[in-house]
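Please read the structure below before turning to the comments.
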Amino acid sequence: MYDIDDICKKYYNTVFKYLMSLTHNINLSEELTQETFCIAIKEIDKFKNNCTISTWLCIIAKHLYYKEIKRISRFDYSKLDEREIQEIPFDEKYILSEERVEMYKKLQSIDEITRNVMYLRLIGFSFKEIANITGKNESWSKVIYHRGKKELEKLLKGGTTNE
């Protein structure tokens with residue numbers, strides 16, 4: 001039904017770029033990208049065509065990224081001495097930033113379509129790329145992003161969603 005080699009060739013860079021924007025770490029992005037495609041190969045029969053393949057792959061990648069954040073956050077940094085703490089890569093410290101975590105928590109209360117557009121934009125995709133991934137046009141991507149941005153700002157200031 002699906003040509004796995006074709007999917008891998010066509011979407012590898014999209015998934016890698018998505019993960020690179022999240023992790024800011026080449027090695028981790030490569031590892032998570034490979035894991036994303038391993039899962040996709042195993043689960044391809046469960047793909048229901050209710051979104052584009054690139055969106056489905058980015059959703060898998062996002063879940064793997066969250067799993068990695070949880071793994072990193074369980075690490076007990078208090079057992080490290082000062083020199084070892086200085087050696088922790090900046091991106092791992094940034095992943096755990098309370099402000100960033102709070103923003104992503106608030107994003108979870110926004111409707112799924114808007115949330116996906118927000119994720120893609122926040123990690124560096126252009127509106128044209130978002131339109132390509134979602135199967136919509138560029139104007140739609142801009143409108144959804146700007147509405148989502150306003151809603152996120154409201155949530156971060158203590159408001160509630162429009163749902």
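Chain labels run A, B, ... following the order of the structure tokens; each chain numbers its residues from 1, and ligands are numbered from 1 in the order shown.
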Stretch 20-25 of chain A environment, 7 Å, only C-alpha atoms, sequence neighbours closer than 4 positions dropped, as a PyMOL selection string
chain A and resi 16+29+91+123-124
Do you know which residues are at most 12 Å from A:Glu31 counting only C-alpha atoms, after dropping those on the same chain fewer than 5 positions away, and could you put them as a PyMOL selection string?
chain A and resi 12+15-16+19-20+23+25-26+36-38+61+64-65+68
Writing out the chosen residues with N, CA and C atoms as a PDB file, in the first residue's frame:
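Saved the output as selection_22.pdb:
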```pdb
ATOM      1  N   TYR A  12      12.364  12.362   5.282  1.00  0.00           N
ATOM      2  CA  TYR A  12      13.446  12.307   6.272  1.00  0.00           C
ATOM      3  C   TYR A  12      13.876  13.716   6.694  1.00  0.00           C
ATOM      4  N   VAL A  15      11.259  15.567   8.902  1.00  0.00           N
ATOM      5  CA  VAL A  15      11.229  15.082  10.282  1.00  0.00           C
ATOM      6  C   VAL A  15      12.499  15.515  11.018  1.00  0.00           C
ATOM      7  N   PHE A  16      13.639  15.393  10.355  1.00  0.00           N
ATOM      8  CA  PHE A  16      14.897  15.785  10.986  1.00  0.00           C
ATOM      9  C   PHE A  16      14.883  17.272  11.336  1.00  0.00           C
ATOM     10  N   LEU A  19      12.662  17.886  14.346  1.00  0.00           N
ATOM     11  CA  LEU A  19      13.320  17.473  15.591  1.00  0.00           C
ATOM     12  C   LEU A  19      14.513  18.368  15.930  1.00  0.00           C
ATOM     13  N   MET A  20      15.249  18.789  14.925  1.00  0.00           N
ATOM     14  CA  MET A  20      16.391  19.667  15.164  1.00  0.00           C
ATOM     15  C   MET A  20      15.934  20.984  15.776  1.00  0.00           C
ATOM     16  N   THR A  23      15.128  20.037  19.487  1.00  0.00           N
ATOM     17  CA  THR A  23      16.218  19.596  20.362  1.00  0.00           C
ATOM     18  C   THR A  23      17.450  20.475  20.293  1.00  0.00           C
ATOM     19  N   ASN A  25      20.011  19.739  18.797  1.00  0.00           N
ATOM     20  CA  ASN A  25      21.083  18.774  18.992  1.00  0.00           C
ATOM     21  C   ASN A  25      21.083  17.824  17.802  1.00  0.00           C
ATOM     22  N   ILE A  26      22.136  17.877  16.994  1.00  0.00           N
ATOM     23  CA  ILE A  26      22.200  17.074  15.771  1.00  0.00           C
ATOM     24  C   ILE A  26      22.108  15.582  16.072  1.00  0.00           C
ATOM     25  N   THR A  36      11.774   7.511  14.708  1.00  0.00           N
ATOM     26  CA  THR A  36      10.476   7.872  14.134  1.00  0.00           C
ATOM     27  C   THR A  36      10.152   6.977  12.943  1.00  0.00           C
ATOM     28  N   PHE A  37      11.123   6.799  12.053  1.00  0.00           N
ATOM     29  CA  PHE A  37      10.875   5.987  10.864  1.00  0.00           C
ATOM     30  C   PHE A  37      10.767   4.500  11.202  1.00  0.00           C
ATOM     31  N   CYS A  38      11.456   4.052  12.228  1.00  0.00           N
ATOM     32  CA  CYS A  38      11.303   2.658  12.673  1.00  0.00           C
ATOM     33  C   CYS A  38       9.870   2.417  13.145  1.00  0.00           C
ATOM     34  N   ALA A  61       7.319  11.842  15.856  1.00  0.00           N
ATOM     35  CA  ALA A  61       8.569  12.463  16.296  1.00  0.00           C
ATOM     36  C   ALA A  61       8.345  13.288  17.559  1.00  0.00           C
ATOM     37  N   LEU A  64       8.105  11.059  20.551  1.00  0.00           N
ATOM     38  CA  LEU A  64       9.433  10.563  20.918  1.00  0.00           C
ATOM     39  C   LEU A  64      10.235  11.656  21.628  1.00  0.00           C
ATOM     40  N   TYR A  65      10.100  12.877  21.168  1.00  0.00           N
ATOM     41  CA  TYR A  65      10.775  14.006  21.800  1.00  0.00           C
ATOM     42  C   TYR A  65      10.296  14.184  23.242  1.00  0.00           C
ATOM     43  N   GLU A  68      11.746  11.669  25.415  1.00  0.00           N
ATOM     44  CA  GLU A  68      13.140  11.999  25.724  1.00  0.00           C
ATOM     45  C   GLU A  68      13.212  13.084  26.796  1.00  0.00           C
TER      46      GLU A  68
END
```
As a ChimeraX atom specification, please: the residues near A:Leu156 (cut-off 10 Å, only C-alpha atoms, same-chain neighbours under 4 positions excluded).
/A:99,102-103,105-107,150-152,160
Coordinates-based distance that separates atom CA of A:Leu120 from atom CA of A:Lys62 (Å, one decimal)
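A separation of 10.4 Å between them.
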One number please: atom CA of A:Glu112 to atom CA of A:Lys17, in Å, one decimal.
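Interatomic distance here is 21.0 Å.
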From a DSSP pass on the backbone, collect the residues of stretch 98-145 of chain A flagged as helix (DSSP H, G or I) and hand them back as a PyMOL selection string.
chain A and resi 98-107+112-122+127-134+138-145
I need the residues from that last selection saved to file as a tab-separated table (two decimals), in the first residue's frame (with N, CA and C atoms), if you can.
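Listed below is the output, out-v7.tsv:
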```
chain	number	residue	atom	x	y	z
A	98	GLU	N	11.81	26.06	32.69
A	98	GLU	CA	10.44	26.10	33.21
A	98	GLU	C	9.51	26.91	32.32
A	99	GLU	N	9.99	28.01	31.77
A	99	GLU	CA	9.15	28.84	30.92
A	99	GLU	C	8.74	28.08	29.66
A	100	ARG	N	9.67	27.37	29.08
A	100	ARG	CA	9.37	26.61	27.87
A	100	ARG	C	8.39	25.49	28.17
A	101	VAL	N	8.62	24.80	29.28
A	101	VAL	CA	7.72	23.72	29.68
A	101	VAL	C	6.32	24.28	29.90
A	102	GLU	N	6.23	25.42	30.57
A	102	GLU	CA	4.93	26.04	30.83
A	102	GLU	C	4.22	26.40	29.53
A	103	MET	N	4.98	26.92	28.57
A	103	MET	CA	4.38	27.27	27.28
A	103	MET	C	3.81	26.02	26.60
A	104	TYR	N	4.58	24.93	26.60
A	104	TYR	CA	4.12	23.70	25.97
A	104	TYR	C	2.94	23.09	26.72
A	105	LYS	N	2.89	23.25	28.03
A	105	LYS	CA	1.74	22.79	28.80
A	105	LYS	C	0.49	23.57	28.38
A	106	LYS	N	0.63	24.87	28.25
A	106	LYS	CA	-0.51	25.71	27.84
A	106	LYS	C	-0.94	25.36	26.41
A	107	LEU	N	0.00	25.05	25.56
A	107	LEU	CA	-0.33	24.68	24.18
A	107	LEU	C	-1.22	23.44	24.14
A	112	GLU	N	-6.36	20.81	18.59
A	112	GLU	CA	-5.27	20.05	17.97
A	112	GLU	C	-4.76	20.67	16.67
A	113	ILE	N	-5.63	21.14	15.83
A	113	ILE	CA	-5.20	21.72	14.55
A	113	ILE	C	-4.34	22.95	14.80
A	114	THR	N	-4.81	23.84	15.65
A	114	THR	CA	-4.05	25.05	15.97
A	114	THR	C	-2.74	24.70	16.65
A	115	ARG	N	-2.80	23.75	17.57
A	115	ARG	CA	-1.60	23.31	18.30
A	115	ARG	C	-0.54	22.78	17.34
A	116	ASN	N	-0.95	21.98	16.36
A	116	ASN	CA	0.01	21.44	15.39
A	116	ASN	C	0.65	22.55	14.57
A	117	VAL	N	-0.15	23.51	14.14
A	117	VAL	CA	0.40	24.65	13.38
A	117	VAL	C	1.36	25.43	14.26
A	118	MET	N	1.00	25.64	15.51
A	118	MET	CA	1.86	26.37	16.44
A	118	MET	C	3.19	25.64	16.63
A	119	TYR	N	3.13	24.32	16.84
A	119	TYR	CA	4.36	23.54	17.00
A	119	TYR	C	5.26	23.70	15.78
A	120	LEU	N	4.68	23.54	14.61
A	120	LEU	CA	5.48	23.62	13.39
A	120	LEU	C	6.11	25.01	13.25
A	121	ARG	N	5.35	26.04	13.55
A	121	ARG	CA	5.88	27.40	13.42
A	121	ARG	C	6.94	27.68	14.48
A	122	LEU	N	6.69	27.25	15.70
A	122	LEU	CA	7.63	27.50	16.80
A	122	LEU	C	8.98	26.82	16.57
A	127	PHE	N	5.51	29.40	6.80
A	127	PHE	CA	4.08	29.20	6.57
A	127	PHE	C	3.86	28.36	5.32
A	128	LYS	N	4.71	28.52	4.34
A	128	LYS	CA	4.60	27.71	3.12
A	128	LYS	C	4.84	26.24	3.43
A	129	GLU	N	5.84	25.94	4.27
A	129	GLU	CA	6.12	24.56	4.66
A	129	GLU	C	4.97	23.99	5.49
A	130	ILE	N	4.42	24.80	6.37
A	130	ILE	CA	3.28	24.37	7.18
A	130	ILE	C	2.10	24.04	6.28
A	131	ALA	N	1.86	24.88	5.30
A	131	ALA	CA	0.77	24.63	4.35
A	131	ALA	C	0.99	23.31	3.62
A	132	ASN	N	2.22	23.06	3.23
A	132	ASN	CA	2.55	21.81	2.55
A	132	ASN	C	2.32	20.61	3.45
A	133	ILE	N	2.74	20.71	4.70
A	133	ILE	CA	2.60	19.61	5.66
A	133	ILE	C	1.13	19.34	5.97
A	134	THR	N	0.35	20.40	6.16
A	134	THR	CA	-1.05	20.24	6.55
A	134	THR	C	-1.99	20.03	5.37
A	138	GLU	N	-1.20	28.64	2.33
A	138	GLU	CA	-0.34	29.47	3.18
A	138	GLU	C	-1.14	30.47	4.01
A	139	SER	N	-2.16	31.06	3.43
A	139	SER	CA	-3.00	32.03	4.16
A	139	SER	C	-3.68	31.36	5.36
A	140	TRP	N	-4.19	30.15	5.15
A	140	TRP	CA	-4.82	29.40	6.23
A	140	TRP	C	-3.81	29.20	7.36
A	141	SER	N	-2.59	28.81	7.01
A	141	SER	CA	-1.54	28.57	8.01
A	141	SER	C	-1.27	29.83	8.83
A	142	LYS	N	-1.21	30.98	8.15
A	142	LYS	CA	-0.95	32.25	8.84
A	142	LYS	C	-2.09	32.60	9.80
A	143	VAL	N	-3.31	32.45	9.33
A	143	VAL	CA	-4.48	32.79	10.16
A	143	VAL	C	-4.53	31.89	11.39
A	144	ILE	N	-4.37	30.58	11.20
A	144	ILE	CA	-4.43	29.64	12.31
A	144	ILE	C	-3.30	29.95	13.31
A	145	TYR	N	-2.11	30.23	12.81
A	145	TYR	CA	-0.98	30.53	13.69
A	145	TYR	C	-1.25	31.80	14.51
```
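Of the listed residues A:Ile110, A:Gly135, A:Leu32, A:Ile69, the one whose atoms come nearest to A:Thr52 is A:Gly135, with distances taken using only C-alpha atoms.
With atom CA of A:Leu155 on one side and atom CA of A:Leu57 on the other, the separation reads 27.9 Å.
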Nearest residue to A:Phe47 from the set A:Phe125, A:Tyr66, A:Tyr2, A:Tyr18 (distances using only C-alpha atoms):
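Of the candidates, the smallest distance to A:Phe47 is held by A:Tyr2.
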Measuring between only C-alpha atoms, which one of A:Ile4, A:Ala40, A:Glu35, A:Thr14 shows the shortest distance to A:Ser126?
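Ranking A:Ile4, A:Ala40, A:Glu35, A:Thr14 by distance to A:Ser126, first place goes to A:Thr14.
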Which of A:Ile60, A:Ile53, A:Lys42, A:Ser109 sits closest to A:Asp6 [using only C-alpha atoms]:
A:Ile53
